[in-house]
>>> print(open('run-v1.txt').read())   # compact mmCIF, C-alpha atoms
# COMPACT_ATOMS: atom_id res chain seq x y z
CA MET A 1 0.00 0.00 0.00
CA ALA A 2 1.08 3.57 -0.64
CA GLU A 3 0.76 4.40 3.06
CA ASP A 4 3.17 1.60 3.94
CA LYS A 5 5.77 2.87 1.48
CA ILE A 6 5.47 6.42 2.79
CA TYR A 7 5.96 5.16 6.34
CA ARG A 8 9.03 3.13 5.28
CA LEU A 9 10.57 6.09 3.50
CA LEU A 10 10.03 8.41 6.47
CA ALA A 11 11.41 5.86 8.94
CA MET A 12 14.46 5.17 6.77
CA GLN A 13 15.04 8.87 6.25
CA GLN A 14 14.91 9.51 10.01
CA GLN A 15 17.42 6.72 10.57
CA LEU A 16 19.84 8.15 8.02
CA LEU A 17 19.43 11.77 9.14
CA SER A 18 20.23 10.69 12.71
CA GLY A 19 23.67 9.60 11.52
CA ASN A 20 22.90 5.90 11.63
CA THR A 21 23.63 3.41 8.86
CA LEU A 22 21.01 1.30 7.09
CA ASN A 23 21.41 -2.37 6.18
CA LYS A 24 19.15 -3.51 3.36
CA LYS A 25 18.53 -7.02 4.73
CA GLU A 26 17.75 -5.72 8.22
CA ALA A 27 15.41 -3.07 6.80
CA ALA A 28 13.55 -5.71 4.76
CA ALA A 29 13.01 -7.80 7.90
CA ARG A 30 11.97 -4.77 9.93
CA PHE A 31 9.33 -3.61 7.44
CA GLN A 32 8.41 -7.15 6.33
CA VAL A 33 9.02 -6.54 2.62
CA GLY A 34 11.47 -7.91 0.09
CA GLU A 35 14.97 -6.50 -0.36
CA LYS A 36 13.99 -5.29 -3.84
CA SER A 37 11.37 -3.02 -2.26
CA ILE A 38 14.00 -1.62 0.09
CA GLN A 39 16.36 -1.12 -2.86
CA ARG A 40 13.69 0.89 -4.69
CA ASP A 41 13.13 2.96 -1.54
CA LEU A 42 16.87 3.62 -1.33
CA GLU A 43 16.96 4.79 -4.94
CA THR A 44 14.08 7.15 -4.20
CA LEU A 45 15.95 8.55 -1.20
CA ARG A 46 19.20 8.79 -3.18
CA ALA A 47 17.47 10.92 -5.84
CA TYR A 48 15.90 13.11 -3.18
CA TYR A 49 19.16 13.64 -1.29
CA ALA A 50 21.03 14.39 -4.52
CA GLY A 51 18.66 17.29 -5.07
CA GLN A 52 19.58 18.57 -1.59
CA GLY A 53 23.31 18.35 -2.27
CA ASN A 54 23.75 15.17 -0.18
CA ASP A 55 24.91 11.67 -1.15
CA LEU A 56 23.49 8.32 -0.10
CA LEU A 57 26.57 6.08 -0.17
CA TYR A 58 27.01 2.32 0.04
CA ASP A 59 29.78 1.11 2.35
CA ARG A 60 30.91 -2.24 0.92
CA GLU A 61 32.99 -3.24 3.94
CA ALA A 62 30.17 -2.65 6.40
CA ASN A 63 27.48 -3.72 3.90
CA CYS A 64 25.28 -0.74 4.72
CA TYR A 65 24.14 2.65 3.45
CA ARG A 66 24.94 6.00 5.08
CA LEU A 67 24.07 9.59 4.33
CA GLU A 68 27.00 11.81 3.42
CA GLN A 69 26.19 15.47 3.94
CA PRO A 70 28.40 18.40 2.87
CA ALA A 71 30.89 19.23 5.62
CA GLU A 72 29.71 22.84 5.79
CA ALA A 73 26.16 21.66 6.54
CA ARG A 74 27.20 19.70 9.64
CA LEU A 75 28.51 20.66 13.02
CA THR A 76 32.00 19.33 13.61
CA LYS A 77 32.77 17.40 16.80
CA SER A 78 34.65 20.45 18.08
CA GLU A 79 31.66 22.72 17.41
CA VAL A 80 29.27 20.29 19.10
CA LEU A 81 31.56 20.10 22.13
CA ALA A 82 31.83 23.90 22.34
CA VAL A 83 28.05 24.45 22.13
CA CYS A 84 27.38 21.73 24.72
CA LYS A 85 29.90 23.32 27.09
CA ILE A 86 28.29 26.76 26.64
CA LEU A 87 24.83 25.36 27.35
CA LEU A 88 26.02 23.57 30.48
CA GLU A 89 27.91 26.61 31.74
CA SER A 90 24.96 28.94 31.10
CA ARG A 91 22.82 27.05 33.64
CA ALA A 92 19.82 28.56 31.87
CA PHE A 93 17.67 25.43 31.54
CA THR A 94 16.06 22.86 33.77
CA GLU A 95 17.48 19.35 33.36
CA LYS A 96 14.24 18.25 31.69
CA GLU A 97 14.73 20.87 28.96
CA LEU A 98 18.51 20.63 28.72
CA ASP A 99 18.84 16.85 28.34
CA PRO A 100 17.03 16.52 24.98
CA ILE A 101 18.90 19.55 23.60
CA LEU A 102 22.27 18.00 24.51
CA ASN A 103 21.21 14.60 23.18
CA LYS A 104 20.25 16.10 19.82
CA LEU A 105 23.49 18.04 19.60
CA VAL A 106 25.63 15.02 20.46
CA ALA A 107 23.68 12.95 17.92
CA CYS A 108 25.08 15.28 15.24
CA CYS A 109 28.48 13.65 15.74
CA THR A 110 29.35 10.93 13.26
CA PRO A 111 31.03 8.48 13.10
CA VAL A 112 30.07 6.78 16.37
CA GLN A 113 33.51 7.22 17.96
CA ASN A 114 33.12 11.01 17.75
CA LEU A 115 29.73 10.77 19.42
CA ARG A 116 31.15 8.71 22.27
CA ALA A 117 34.10 11.07 22.66
CA VAL A 118 31.82 14.11 23.08
CA GLN A 119 29.63 12.19 25.52
CA GLU A 120 32.69 11.42 27.63
CA LEU A 121 34.00 14.99 27.52
CA ILE A 122 30.74 16.47 28.81
CA GLY A 123 29.71 13.51 30.98
CA ASN A 124 31.07 14.73 34.31
CA GLU A 125 29.79 18.28 33.92
CA ARG A 126 26.43 16.94 32.81
CA PHE A 127 26.21 14.65 35.85
CA HIS A 128 26.97 17.52 38.25
CA TYR A 129 24.80 20.07 36.41
CA VAL A 130 22.99 22.49 38.74
CA PRO A 131 19.79 23.83 37.15
CA PRO A 132 18.43 27.32 37.91
CA HIS A 133 16.53 27.52 41.18
CA HIS A 134 13.36 28.87 39.58
CA GLY A 135 12.71 25.38 38.15
CA GLN A 136 10.56 26.79 35.35
CA ALA A 137 10.38 25.23 31.89
CA PHE A 138 10.19 28.06 29.37
CA VAL A 139 11.57 26.98 25.97
CA ASP A 140 8.11 26.83 24.38
CA LYS A 141 7.27 30.14 26.05
CA LEU A 142 10.28 31.73 24.34
CA TRP A 143 9.05 30.67 20.92
CA THR A 144 5.54 31.97 21.50
CA LEU A 145 6.92 35.31 22.67
CA GLY A 146 9.25 35.35 19.67
CA GLU A 147 6.28 34.96 17.34
CA ALA A 148 4.52 37.86 19.10
CA ILE A 149 7.63 39.99 18.59
CA ARG A 150 7.81 39.04 14.90
CA ASP A 151 4.10 39.71 14.32
CA HIS A 152 3.99 42.92 16.41
CA LYS A 153 1.23 41.58 18.65
CA VAL A 154 0.41 42.96 22.08
CA VAL A 155 0.92 40.58 25.02
CA GLU A 156 -1.03 40.61 28.28
CA MET A 157 0.85 39.01 31.15
CA ASP A 158 1.04 38.54 34.91
CA TYR A 159 4.57 39.23 36.07
CA VAL A 160 6.07 38.34 39.44
CA GLY A 161 8.92 40.74 40.22
CA THR A 162 12.01 39.94 42.27
CA HIS A 163 11.02 42.18 45.21
CA ASN A 164 7.71 40.56 46.13
CA GLY A 165 5.57 37.63 45.14
CA THR A 166 2.51 39.60 44.05
CA PRO A 167 1.87 39.31 40.29
CA LYS A 168 1.40 42.55 38.39
CA HIS A 169 -0.78 42.59 35.29
CA ARG A 170 0.85 44.24 32.32
CA ARG A 171 -0.19 44.88 28.75
CA VAL A 172 3.01 45.19 26.74
CA GLN A 173 4.42 45.55 23.26
CA PRO A 174 7.20 42.91 23.06
CA VAL A 175 10.21 43.93 20.99
CA GLY A 176 13.09 41.57 21.83
CA ILE A 177 14.46 38.57 23.74
CA LEU A 178 17.83 38.79 25.48
CA PHE A 179 19.97 36.41 27.53
CA SER A 180 22.36 37.29 30.33
CA GLU A 181 23.87 35.34 33.22
CA TYR A 182 21.52 32.38 33.67
CA TYR A 183 18.28 34.07 32.55
CA PHE A 184 16.33 34.94 29.44
CA TYR A 185 14.67 38.35 29.36
CA LEU A 186 11.81 39.93 27.42
CA ALA A 187 12.21 43.55 26.37
CA ALA A 188 8.83 45.23 26.03
CA PHE A 189 7.13 48.62 26.13
CA ILE A 190 4.31 48.91 28.69
CA GLU A 191 0.96 50.18 27.46
CA GLY A 192 -1.30 52.40 29.56
CA ILE A 193 1.08 53.21 32.41
CA ASP A 194 1.82 56.56 34.03
CA LYS A 195 5.60 56.80 33.74
CA LYS A 196 5.78 59.75 36.13
CA GLU A 197 4.16 57.64 38.83
CA HIS A 198 5.88 54.31 38.26
CA PHE A 199 9.25 55.12 36.64
CA ALA A 200 12.27 56.58 38.42
CA ASN A 201 13.22 58.09 35.08
CA PRO A 202 9.99 59.03 33.23
CA GLU A 203 11.97 60.26 30.21
CA ASP A 204 13.52 56.82 29.69
CA ARG A 205 12.54 55.65 26.18
CA SER A 206 14.08 52.19 26.43
CA PRO A 207 11.89 49.08 26.88
CA THR A 208 11.28 47.50 30.27
CA ILE A 209 13.16 44.26 30.96
CA TYR A 210 11.29 41.21 32.28
CA ARG A 211 12.76 37.85 33.30
CA VAL A 212 10.94 35.27 31.19
CA ASP A 213 10.83 32.66 33.98
CA ARG A 214 8.97 35.17 36.17
CA ILE A 215 6.15 35.63 33.66
CA ALA A 216 3.50 33.62 35.53
CA ALA A 217 0.98 33.64 32.68
CA PHE A 218 0.56 35.45 29.41
CA THR A 219 -1.72 35.73 26.40
CA VAL A 220 -0.80 36.89 22.92
CA THR A 221 -3.68 39.11 21.84
CA HIS A 222 -4.91 39.85 18.34
CA ASP A 223 -4.08 43.54 18.81
CA ARG A 224 -1.14 44.73 16.79
CA PHE A 225 1.21 47.64 17.40
CA ASP A 226 3.25 49.60 14.89
CA ILE A 227 6.80 50.83 15.29
CA PRO A 228 8.31 52.98 12.51
CA TYR A 229 11.26 51.27 10.85
CA LYS A 230 13.64 54.02 11.97
CA ASP A 231 12.54 53.46 15.60
CA ARG A 232 12.63 49.65 15.50
CA PHE A 233 14.19 47.89 18.47
CA GLN A 234 17.56 46.33 17.73
CA GLU A 235 18.48 43.65 20.26
CA GLY A 236 22.11 43.58 19.17
CA GLU A 237 22.61 47.30 19.69
CA MET A 238 20.84 47.33 23.05
CA ARG A 239 22.69 44.20 24.15
CA LYS A 240 26.00 46.02 23.72
CA ARG A 241 24.85 48.75 26.08
CA ILE A 242 22.75 46.94 28.70
CA GLN A 243 25.11 44.46 30.30
CA PHE A 244 23.32 43.97 33.60
CA MET A 245 19.61 43.77 32.64
CA TYR A 246 18.73 47.02 34.39
CA GLY A 247 17.23 49.98 32.58
CA GLY A 248 18.19 53.62 32.96
CA LYS A 249 19.44 56.54 30.94
CA LEU A 250 21.84 55.92 28.08
CA ARG A 251 25.06 57.39 29.37
CA HIS A 252 28.60 57.96 28.12
CA ILE A 253 31.10 57.11 30.82
CA LYS A 254 34.86 57.55 31.02
CA PHE A 255 37.09 55.84 33.54
CA LYS A 256 40.67 54.90 34.35
CA TYR A 257 41.34 51.18 34.58
CA THR A 258 44.43 49.94 36.41
CA GLY A 259 43.51 46.27 36.85
CA PRO A 260 45.38 43.26 35.44
CA ASN A 261 43.13 42.40 32.48
CA ILE A 262 41.67 45.11 30.24
CA GLU A 263 40.26 42.42 27.93
CA ALA A 264 37.79 41.37 30.66
CA VAL A 265 36.50 44.95 30.80
CA LEU A 266 36.22 45.28 27.04
CA ASP A 267 34.34 41.97 26.83
CA ARG A 268 32.03 42.99 29.67
CA LEU A 269 31.29 46.38 28.06
CA PRO A 270 31.17 45.77 24.27
CA THR A 271 30.91 49.50 23.50
CA ALA A 272 34.06 50.27 25.50
CA ARG A 273 37.24 51.41 23.78
CA VAL A 274 40.66 52.33 25.09
CA LEU A 275 41.38 56.01 24.49
CA GLU A 276 44.98 55.92 25.62
CA GLU A 277 47.56 54.07 27.67
CA LEU A 278 48.29 55.95 30.91
CA PRO A 279 51.89 56.93 31.75
CA GLY A 280 51.79 55.36 35.21
CA GLY A 281 50.11 52.17 34.01
CA GLY A 282 46.52 51.33 33.10
CA GLN A 283 44.20 52.65 30.42
CA LEU A 284 41.75 55.47 29.89
CA VAL A 285 38.47 53.91 28.71
CA GLU A 286 35.15 55.25 27.49
CA ALA A 287 31.88 53.38 26.95
CA GLU A 288 28.20 53.90 26.26
CA VAL A 289 25.93 52.03 28.69
CA PHE A 290 22.50 52.22 30.31
CA ASP A 291 23.02 53.83 33.70
CA GLY A 292 21.17 51.42 35.98
CA ASN A 293 21.80 49.61 39.24
CA GLY A 294 23.78 46.93 37.42
CA LEU A 295 26.42 49.42 36.28
CA ASP A 296 26.82 50.71 39.85
CA MET A 297 27.24 47.17 41.17
CA TRP A 298 29.83 46.33 38.52
CA LEU A 299 31.82 49.49 39.26
CA ARG A 300 31.85 48.64 42.96
CA SER A 301 33.00 45.09 42.20
CA GLN A 302 36.08 46.48 40.43
CA GLY A 303 37.26 48.23 43.60
CA ASP A 304 40.30 50.46 43.16
CA TRP A 305 40.90 49.21 39.62
CA VAL A 306 38.29 51.60 38.21
CA LYS A 307 38.21 55.34 38.84
CA MET A 308 35.36 57.25 37.19
CA MET A 309 36.17 60.45 35.36
CA ILE A 310 33.84 63.43 35.65
>>> encode(input="run-v1.txt", output="structure tokens")
Amino acid sequence: MAEDKIYRLLAMQQQLLSGNTLNKKEAAARFQVGEKSIQRDLETLRAYYAGQGNDLLYDREANCYRLEQPAEARLTKSEVLAVCKILLESRAFTEKELDPILNKLVACCTPVQNLRAVQELIGNERFHYVPPHHGQAFVDKLWTLGEAIRDHKVVEMDYVGTHNGTPKHRRVQPVGILFSEYYFYLAAFIEGIDKKEHFANPEDRSPTIYRVDRIAAFTVTHDRFDIPYKDRFQEGEMRKRIQFMYGGKLRHIKFKYTGPNIEAVLDRLPTARVLEELPGGGQLVEAEVFDGNGLDMWLRSQGDWVKMMI
């Protein structure tokens, strides 16, 4: 039956795309058809993959078929290892969400010895992984919010702030998703709020930052909002200036740095640049950042290494 052939093709395709090999005799026994039927299926898949720039190859020594994809279309074992390490170090996900992501990444490694090598290299860190304390699963929530951002749709949400456990209802215009130090954040403009009453800086034109895991409930409405192209929110540009997920005025700062590693400062503040090397040691640095509580805390953490210039 046609349905049986479609099922076979999809199952065989999944097996090959997962990096596994396919033996014709074993496939015939699995699907309870003759080897000639499997051979015809393989020819169909070979023609399909050829159109995608991939090759379905027969390995004579192993007596099996395997899918050969262009090298540039695959993650190398080094790239898989690096991404896995970043995910583990970020501590952004619950174990329930992280495990399938890591499994899918590791499954990209072929041949099998590469897969096993990556598993061993991340095994200890994976075993001792400490998930975020909020314990909230939010990956699907991120995608739904991302669609609202793309479609310019207003979101109504109940948000639980960090200072108390009482949810606040907000109607917002979502414009971006950011990540910083363990948490994902939603950048959004609040509708129908008196800035003079609720904002320390009523003239602040930047979006409000919300931790996604603290959004208790939300609904994407059918109401749309318009932002002129020239005023569109650019996550990349804001991300360079808001390093601590606190709002505030956009401010140009200048400071002397006399610590041991200027690279750490430049990486922490992507807009920073060294103006000059100081005669007695250190550097004169300027940067453009949002002047919030996070900047004050970072400056204090640097101690005597940073001296602000007026």
>>> residues_around(input="run-v1.txt", residues="region 248-263 of chain A", least_positions_apart="5", cutoff="6 Å", atoms="only C-alpha atoms", output="PDB file with C-alpha atoms, in the frame of the given file")
ATOM      1  CA  GLY A 282      46.520  51.330  33.100  1.00  0.00           C
ATOM      2  CA  GLN A 283      44.200  52.650  30.420  1.00  0.00           C
ATOM      3  CA  LEU A 284      41.750  55.470  29.890  1.00  0.00           C
ATOM      4  CA  VAL A 285      38.470  53.910  28.710  1.00  0.00           C
ATOM      5  CA  GLU A 286      35.150  55.250  27.490  1.00  0.00           C
ATOM      6  CA  ALA A 287      31.880  53.380  26.950  1.00  0.00           C
ATOM      7  CA  GLU A 288      28.200  53.900  26.260  1.00  0.00           C
ATOM      8  CA  VAL A 289      25.930  52.030  28.690  1.00  0.00           C
ATOM      9  CA  PHE A 290      22.500  52.220  30.310  1.00  0.00           C
ATOM     10  CA  ASP A 291      23.020  53.830  33.700  1.00  0.00           C
ATOM     11  CA  GLY A 292      21.170  51.420  35.980  1.00  0.00           C
ATOM     12  CA  TRP A 305      40.900  49.210  39.620  1.00  0.00           C
ATOM     13  CA  VAL A 306      38.290  51.600  38.210  1.00  0.00           C
ATOM     14  CA  LYS A 307      38.210  55.340  38.840  1.00  0.00           C
ATOM     15  CA  MET A 308      35.360  57.250  37.190  1.00  0.00           C
ATOM     16  CA  MET A 309      36.170  60.450  35.360  1.00  0.00           C
TER      17      MET A 309
END
>>> closest_residue(input="run-v1.txt", among="A:Ser37, A:Ile122, A:Val212, A:Lys153", to="Ala82 (chain A)", atoms="all atoms listed in the file")
A:Ile122
>>> closest_residue(input="run-v1.txt", among="A:Gln173, A:Thr94, A:Thr44, A:Gln13", to="Ala137 (chain A)", atoms="only C-alpha atoms")
A:Thr94
>>> residues_around(input="run-v1.txt", residues="Tyr185 (chain A)", least_positions_apart="4", cutoff="9 Å", atoms="all atoms listed in the file", output="mmCIF file with C-alpha atoms, keeping the file's coordinate frame")
data_model
loop_
_atom_site.group_PDB
_atom_site.id
_atom_site.type_symbol
_atom_site.label_atom_id
_atom_site.label_comp_id
_atom_site.auth_asym_id
_atom_site.auth_seq_id
_atom_site.Cartn_x
_atom_site.Cartn_y
_atom_site.Cartn_z
ATOM 1 C CA GLY A 176 13.090 41.570 21.830
ATOM 2 C CA ILE A 177 14.460 38.570 23.740
ATOM 3 C CA LEU A 178 17.830 38.790 25.480
ATOM 4 C CA PHE A 179 19.970 36.410 27.530
ATOM 5 C CA SER A 180 22.360 37.290 30.330
ATOM 6 C CA ILE A 209 13.160 44.260 30.960
ATOM 7 C CA TYR A 210 11.290 41.210 32.280
ATOM 8 C CA ARG A 211 12.760 37.850 33.300
ATOM 9 C CA VAL A 212 10.940 35.270 31.190
ATOM 10 C CA ASP A 213 10.830 32.660 33.980
ATOM 11 C CA MET A 245 19.610 43.770 32.640
#
>>> residues_around(input="run-v1.txt", residues="region 138-152 of chain A", least_positions_apart="2", cutoff="10 Å", atoms="all atoms listed in the file", output="mmCIF file with C-alpha atoms, in the frame of the given file")
data_model
loop_
_atom_site.group_PDB
_atom_site.id
_atom_site.type_symbol
_atom_site.label_atom_id
_atom_site.label_comp_id
_atom_site.auth_asym_id
_atom_site.auth_seq_id
_atom_site.Cartn_x
_atom_site.Cartn_y
_atom_site.Cartn_z
ATOM 1 C CA ALA A 92 19.820 28.560 31.870
ATOM 2 C CA PHE A 93 17.670 25.430 31.540
ATOM 3 C CA THR A 94 16.060 22.860 33.770
ATOM 4 C CA GLU A 97 14.730 20.870 28.960
ATOM 5 C CA LEU A 98 18.510 20.630 28.720
ATOM 6 C CA GLY A 135 12.710 25.380 38.150
ATOM 7 C CA GLN A 136 10.560 26.790 35.350
ATOM 8 C CA VAL A 154 0.410 42.960 22.080
ATOM 9 C CA VAL A 155 0.920 40.580 25.020
ATOM 10 C CA GLN A 173 4.420 45.550 23.260
ATOM 11 C CA PRO A 174 7.200 42.910 23.060
ATOM 12 C CA VAL A 175 10.210 43.930 20.990
ATOM 13 C CA GLY A 176 13.090 41.570 21.830
ATOM 14 C CA ILE A 177 14.460 38.570 23.740
ATOM 15 C CA PHE A 184 16.330 34.940 29.440
ATOM 16 C CA TYR A 185 14.670 38.350 29.360
ATOM 17 C CA LEU A 186 11.810 39.930 27.420
ATOM 18 C CA ALA A 187 12.210 43.550 26.370
ATOM 19 C CA ALA A 188 8.830 45.230 26.030
ATOM 20 C CA VAL A 212 10.940 35.270 31.190
ATOM 21 C CA ASP A 213 10.830 32.660 33.980
ATOM 22 C CA ARG A 214 8.970 35.170 36.170
ATOM 23 C CA ILE A 215 6.150 35.630 33.660
ATOM 24 C CA ALA A 217 0.980 33.640 32.680
ATOM 25 C CA PHE A 218 0.560 35.450 29.410
ATOM 26 C CA THR A 219 -1.720 35.730 26.400
ATOM 27 C CA VAL A 220 -0.800 36.890 22.920
ATOM 28 C CA THR A 221 -3.680 39.110 21.840
ATOM 29 C CA HIS A 222 -4.910 39.850 18.340
ATOM 30 C CA ASP A 223 -4.080 43.540 18.810
ATOM 31 C CA ARG A 224 -1.140 44.730 16.790
ATOM 32 C CA PHE A 225 1.210 47.640 17.400
ATOM 33 C CA ASP A 226 3.250 49.600 14.890
ATOM 34 C CA ILE A 227 6.800 50.830 15.290
#
>>> closest_residue(input="run-v1.txt", among="A:Gln119, A:Thr76, A:Gln32, A:Thr21", to="Leu56 (chain A)", atoms="only C-alpha atoms")
A:Thr21
>>> decode(input="run-v1.txt", residues="region 39-114 of chain A", atoms="C-alpha atoms", output="PDB file, in the first residue's frame")
ATOM      1  CA  GLN A  39      16.355  -1.115  -2.860  1.00  0.00           C
ATOM      2  CA  ARG A  40      13.686   0.888  -4.686  1.00  0.00           C
ATOM      3  CA  ASP A  41      13.128   2.959  -1.538  1.00  0.00           C
ATOM      4  CA  LEU A  42      16.867   3.624  -1.331  1.00  0.00           C
ATOM      5  CA  GLU A  43      16.958   4.794  -4.936  1.00  0.00           C
ATOM      6  CA  THR A  44      14.079   7.155  -4.203  1.00  0.00           C
ATOM      7  CA  LEU A  45      15.949   8.547  -1.199  1.00  0.00           C
ATOM      8  CA  ARG A  46      19.195   8.791  -3.177  1.00  0.00           C
ATOM      9  CA  ALA A  47      17.466  10.916  -5.842  1.00  0.00           C
ATOM     10  CA  TYR A  48      15.899  13.106  -3.180  1.00  0.00           C
ATOM     11  CA  TYR A  49      19.157  13.642  -1.294  1.00  0.00           C
ATOM     12  CA  ALA A  50      21.029  14.394  -4.520  1.00  0.00           C
ATOM     13  CA  GLY A  51      18.657  17.292  -5.069  1.00  0.00           C
ATOM     14  CA  GLN A  52      19.582  18.567  -1.591  1.00  0.00           C
ATOM     15  CA  GLY A  53      23.311  18.348  -2.270  1.00  0.00           C
ATOM     16  CA  ASN A  54      23.750  15.171  -0.180  1.00  0.00           C
ATOM     17  CA  ASP A  55      24.911  11.669  -1.148  1.00  0.00           C
ATOM     18  CA  LEU A  56      23.491   8.322  -0.095  1.00  0.00           C
ATOM     19  CA  LEU A  57      26.565   6.081  -0.171  1.00  0.00           C
ATOM     20  CA  TYR A  58      27.005   2.320   0.045  1.00  0.00           C
ATOM     21  CA  ASP A  59      29.776   1.111   2.348  1.00  0.00           C
ATOM     22  CA  ARG A  60      30.910  -2.243   0.919  1.00  0.00           C
ATOM     23  CA  GLU A  61      32.991  -3.240   3.939  1.00  0.00           C
ATOM     24  CA  ALA A  62      30.170  -2.646   6.399  1.00  0.00           C
ATOM     25  CA  ASN A  63      27.476  -3.717   3.904  1.00  0.00           C
ATOM     26  CA  CYS A  64      25.279  -0.737   4.724  1.00  0.00           C
ATOM     27  CA  TYR A  65      24.142   2.654   3.455  1.00  0.00           C
ATOM     28  CA  ARG A  66      24.937   5.997   5.082  1.00  0.00           C
ATOM     29  CA  LEU A  67      24.065   9.590   4.333  1.00  0.00           C
ATOM     30  CA  GLU A  68      27.000  11.812   3.425  1.00  0.00           C
ATOM     31  CA  GLN A  69      26.187  15.469   3.935  1.00  0.00           C
ATOM     32  CA  PRO A  70      28.399  18.397   2.873  1.00  0.00           C
ATOM     33  CA  ALA A  71      30.891  19.231   5.618  1.00  0.00           C
ATOM     34  CA  GLU A  72      29.709  22.843   5.794  1.00  0.00           C
ATOM     35  CA  ALA A  73      26.158  21.660   6.545  1.00  0.00           C
ATOM     36  CA  ARG A  74      27.200  19.700   9.637  1.00  0.00           C
ATOM     37  CA  LEU A  75      28.508  20.658  13.015  1.00  0.00           C
ATOM     38  CA  THR A  76      31.996  19.330  13.606  1.00  0.00           C
ATOM     39  CA  LYS A  77      32.766  17.396  16.800  1.00  0.00           C
ATOM     40  CA  SER A  78      34.650  20.453  18.076  1.00  0.00           C
ATOM     41  CA  GLU A  79      31.665  22.724  17.408  1.00  0.00           C
ATOM     42  CA  VAL A  80      29.271  20.290  19.098  1.00  0.00           C
ATOM     43  CA  LEU A  81      31.556  20.101  22.134  1.00  0.00           C
ATOM     44  CA  ALA A  82      31.832  23.900  22.340  1.00  0.00           C
ATOM     45  CA  VAL A  83      28.054  24.454  22.125  1.00  0.00           C
ATOM     46  CA  CYS A  84      27.383  21.734  24.718  1.00  0.00           C
ATOM     47  CA  LYS A  85      29.896  23.324  27.092  1.00  0.00           C
ATOM     48  CA  ILE A  86      28.289  26.758  26.640  1.00  0.00           C
ATOM     49  CA  LEU A  87      24.825  25.355  27.350  1.00  0.00           C
ATOM     50  CA  LEU A  88      26.021  23.571  30.478  1.00  0.00           C
ATOM     51  CA  GLU A  89      27.912  26.607  31.736  1.00  0.00           C
ATOM     52  CA  SER A  90      24.958  28.943  31.098  1.00  0.00           C
ATOM     53  CA  ARG A  91      22.817  27.051  33.640  1.00  0.00           C
ATOM     54  CA  ALA A  92      19.819  28.555  31.869  1.00  0.00           C
ATOM     55  CA  PHE A  93      17.673  25.434  31.539  1.00  0.00           C
ATOM     56  CA  THR A  94      16.061  22.857  33.773  1.00  0.00           C
ATOM     57  CA  GLU A  95      17.477  19.354  33.357  1.00  0.00           C
ATOM     58  CA  LYS A  96      14.239  18.255  31.689  1.00  0.00           C
ATOM     59  CA  GLU A  97      14.732  20.866  28.965  1.00  0.00           C
ATOM     60  CA  LEU A  98      18.512  20.627  28.722  1.00  0.00           C
ATOM     61  CA  ASP A  99      18.836  16.845  28.336  1.00  0.00           C
ATOM     62  CA  PRO A 100      17.034  16.519  24.979  1.00  0.00           C
ATOM     63  CA  ILE A 101      18.903  19.547  23.601  1.00  0.00           C
ATOM     64  CA  LEU A 102      22.267  17.998  24.512  1.00  0.00           C
ATOM     65  CA  ASN A 103      21.207  14.596  23.179  1.00  0.00           C
ATOM     66  CA  LYS A 104      20.248  16.095  19.823  1.00  0.00           C
ATOM     67  CA  LEU A 105      23.487  18.037  19.602  1.00  0.00           C
ATOM     68  CA  VAL A 106      25.625  15.021  20.464  1.00  0.00           C
ATOM     69  CA  ALA A 107      23.683  12.954  17.920  1.00  0.00           C
ATOM     70  CA  CYS A 108      25.075  15.284  15.235  1.00  0.00           C
ATOM     71  CA  CYS A 109      28.480  13.651  15.740  1.00  0.00           C
ATOM     72  CA  THR A 110      29.350  10.930  13.260  1.00  0.00           C
ATOM     73  CA  PRO A 111      31.027   8.482  13.105  1.00  0.00           C
ATOM     74  CA  VAL A 112      30.068   6.782  16.368  1.00  0.00           C
ATOM     75  CA  GLN A 113      33.507   7.220  17.962  1.00  0.00           C
ATOM     76  CA  ASN A 114      33.123  11.008  17.752  1.00  0.00           C
TER      77      ASN A 114
END
